[in-house]
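Take a look at the structure below.
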Amino acid sequence: MENMLARARAFAEPLIADETLDTGENTLAHADAVAAIVAHMGGSEAMQAASYLVYSCQHLNRPQEVIAKVFGDNFAALAVETTKLVQVQAQARGAALGAHGADGSGAQTENVRKMLLAFSRDLRVVMLRLASRLQTLRHAAAIKKPVPESVARESLQVFAPLANRLGIWQVKWEIEDLSFRFLEPETYKLIAQLLDEKRVEREGYIEQLRTQLEEELKGQGIAATVQGRPKNIYSIVKKMRGKSLDFAQVFDILALRVVVPDVKDCYAALAWVHSHFEPIDEEFDDYIARPKPNGYQSLHTVVRKVVDGKAGKPIEIQIRTEEMHDHAEHGVAAHWAYKEAGPKGYAGVWSSGEYDAKIAVLRQLLAWERDLSDGQQGQGLFDDRIYVLTPDAAIVELPQGATAVDFAYTVHTSLGHRCRGARIDGTMVPLNTPLQNGQTVEIIAAKEGGPSRDWLNAELGYLASHRARAKVRAWFNAQITHETIAKGREAVEKLLQREGKTSTRLEDLASQLGFKSADHLFEVVGKDEFSLRNIETLLRPPEPAPGPDDGVLLKKSRASDKAGKGGVLVVGVSSLMTQLAKCCRPAPPDAIGGFVTRGHGVSVHRSDCSNFRTMAGHNPERVIDVEWGRPKVEEGSLYAVDVAVEAADRQGLLRDISDVFAREKMNVIGVQTQSIKGTAWMTFTVEIPNTARLSQVLKVVSAVPGVRSSRRR
């Protein structure tokens, strides 16, 4: 620690001495000023030294490694984390540039969330950022060049409330006044001028009043210390706008603070003040009986001094104990101690220990959130969030109602999968116990393993986080997918063996069938969503379509001779070979026509088949009249037809539709499915005795949940 400040400055100087920040300020001069501000805030030499290391990061290839080698891991982590926060805030400001209005609530919320990240790592990061921002504002004021509006607004809406929450009042007031000076320069100048004009008169009257009140209280046996309270320009503007007062009224308000030994003296002093001055009833607040959410306690009253029946100027008086004053003045910073890193590498600690420090900061953070939401119940920025701690005192943000399982998944997906038990504040609890703000959570995990299906049961209350629930589902889906792919691979490989095609590359096969990879093919085969017949067809392509016939055509007259009486071929009866076309799959009592093929007999098509019409147009002499055989002859015959189904894709859809065909005693001999963006298209090849029977079954298929249409192809 010896000469740490000098060493850090010497390390940084060659890197940053000739550099300038975006504001135009020399980087080394800025670091010097930040170190001085940190010292004024109570930071040790080590904290001041960190001011220089932060600005060195961007000039080093491996800042964490280099700084750790020279100054230790603790300083390296602090410098790198602070640099990250600077970058994150710059991004947030950039994203908020399009936002309009004085409120800037969207950008403010985002910045609060970014600050939250800093809290969870190291409070010293926040202190360095406060000091740096104050110096940026001071530099701009000194060179009389305003900072960008986004920087000024962020300073006012994020940094000033944070300084207030941490109890660094001088920094808070200065950031507020400088930010306001850049945001509303005309109003700032006017108020500063009016304040200056009445300063001597006002300060003289306050001193006279302070001395009188202190002596009178001591005469009553109350050992009080009375102080005048300075007013910064921004607080005057807030009071003026909040209470619709004009300038004169605001400037005339005088402010005193009375500090006494204990609580009973607070009320005794209040009783004396109210008996000797005229109180303004609506301006009285008892924050001792009802402390503010951040723990602030004090009595607030506004009185007037009556002289010759005439009431004088309003006097604001705060009455509190030494302990309350210490809390109000210094907040978190009151107990701050900057030391070298402990065994866990955390340097911003209270004397009572690192763990207590983190707990206190967590409480302050929640109170800060209430400040930013103007104290409106249910309107907080994080009303739906809770904050708990790891055993190492890092803060973890979770949704309201979250459990130890949610916590485990937030820390790391693997820890969530292996979570088997939990301790909350040292006590073993069921995994579905809802967590509360500020609790410390320790996860008991197995070396390996996966989640329980019970965690997905909403009624059992194991998970409140959507992200954690998605991670559990993803784990189970991955297991199912793995098993399905293995099943599909086995089926495809057996088919290739049967076909004598074991040398076929599986990736090439998948590509020819229109799949991205072999695993995608195996998955749909394993789910029974892709028929192996499709692969068979690919491996054994059908005969080429008939071309122009060079030989003797079978004339209709000759076919008529074979067909029997009436010159009409009877399907399945006549000696001439017939086959039902696969393109339209005719079945009784469809209107049909025949086409004489080359070497394969007569191909029978539905009359409305587009292929049949095309072939007949090109070769009308090959068309032959055909008709279905008589029912008694054809009894027991089955015909294959294609049924097209469109439906909203869901688990079990294929099974449900297949069940309908099974119940209706229809044999399914082929299935093809395709799913795109939640819609499933399915083609079932079924055997039927006639189309009348099919119409009845299609009505039943249409009633299956999710089915949008079912029709014969």
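In the structure tokens, each chain is lettered A, B, ... as it comes, each chain's residues begin at 1, and ligands are numbered from 1 in order of appearance.
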
> Can you list, as a PyMOL selection string, every protein, DNA or RNA residue that comes within 9 Å of A:Gly450 when you count only C-alpha atoms, leaving out same-chain residues fewer than 6 positions away?
Replying inline: chain A and resi 414+416-419+472+475-476

> Which neighbours of stretch 280-285 of chain A fall inside 6 Å, counting only C-alpha atoms, when residues of the same chain fewer than 5 positions from it are skipped, and could you give them as a ChimeraX atom specification?
Replying inline: /A:300-303

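Each of A:Met682, A:Leu256, A:Gln400, A:Phe277 was compared to A:Leu299 using only C-alpha atoms, and A:Leu256 turns out to be the nearest.
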
>> Could you pull out the alpha helix (DSSP H) residues of stretch 448-537 of chain A, going by DSSP on the backbone, and write them as a PyMOL selection string?
In response: chain A and resi 466-498+506-512+518-526+532-537

For stretch 655-674 of chain A versus stretch 518-526 of chain A, which residues have an atom no more than 12 Å away, and what is each residue's nearest atom pair and distance in Å rounded to one decimal, using only C-alpha atoms, chain-then-number order, as a Markdown table?
```
| residue | atom | partner | partner_atom | distance |
| --- | --- | --- | --- | --- |
| A:Val671 | CA | A:Val525 | CA | 10.8 |
| A:Gln672 | CA | A:Val524 | CA | 10.1 |
| A:Thr673 | CA | A:Val524 | CA | 8.7 |
| A:Gln674 | CA | A:Val524 | CA | 9.1 |
```

Output file for the selection above: N, CA, C and O atoms, as a CSV table (one decimal), in the first residue's frame:
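Ended up saving to out33.csv:
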```
chain,number,residue,atom,x,y,z
A,671,VAL,N,-47.7,-42.2,-45.1
A,671,VAL,CA,-47.9,-40.9,-44.5
A,671,VAL,C,-46.7,-40.0,-44.9
A,671,VAL,O,-45.5,-40.5,-44.9
A,672,GLN,N,-47.0,-38.8,-45.3
A,672,GLN,CA,-46.0,-37.8,-45.5
A,672,GLN,C,-46.4,-36.5,-44.8
A,672,GLN,O,-47.6,-36.2,-44.8
A,673,THR,N,-45.5,-35.9,-44.0
A,673,THR,CA,-45.8,-34.7,-43.3
A,673,THR,C,-44.7,-33.7,-43.5
A,673,THR,O,-43.6,-34.0,-43.8
A,674,GLN,N,-45.2,-32.4,-43.4
A,674,GLN,CA,-44.3,-31.3,-43.4
A,674,GLN,C,-44.8,-30.2,-42.6
A,674,GLN,O,-46.0,-29.9,-42.6
```

> What does the distance between atom CA of A:Pro279 and atom CA of A:Lys313 come to in Å, to one decimal place?
Replying inline: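 Separation of atom CA of A:Pro279 and atom CA of A:Lys313: 11.8 Å.
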
> Which residues come within 10 Å of A:Gly24, counting only C-alpha atoms, excluding same-chain residues fewer than 4 positions away, as a list of chain:residue names?
Replying inline: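 Skipping anything fewer than 4 positions along the chain leaves A:Glu19, A:Thr20, A:Thr136, A:His139, A:Ala140.
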
> Got a sec: who's within 8 Å of stretch 224-238 of chain A, counting only C-alpha atoms, leaving out chain neighbours fewer than 4 positions off, as a PyMOL selection string?
Replying inline: chain A and resi 173+176-177+180+188+191-192+206-207+210-211+213-214+217-218+242+250-251+255-261

> If you count only C-alpha atoms, which residues fall within 10 Å of A:Glu536, apart from same-chain ones fewer than 5 positions away, as a ChimeraX atom specification?
Replying inline: /A:495-496,499,531,541

Written file, previous selection with C-alpha atoms, as a short mmCIF file (atom, residue, chain, number, x, y, z; two decimals), in the first residue's frame:
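Output saved as result-v5.cif:
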```cif
data_model
loop_
_atom_site.label_atom_id
_atom_site.label_comp_id
_atom_site.auth_asym_id
_atom_site.auth_seq_id
_atom_site.Cartn_x
_atom_site.Cartn_y
_atom_site.Cartn_z
CA LEU A 495 -33.86 -49.66 -44.77
CA LEU A 496 -30.53 -48.98 -46.47
CA GLU A 499 -32.05 -52.06 -50.21
CA SER A 531 -42.57 -42.23 -44.32
CA PRO A 541 -37.07 -44.28 -58.98
#
```
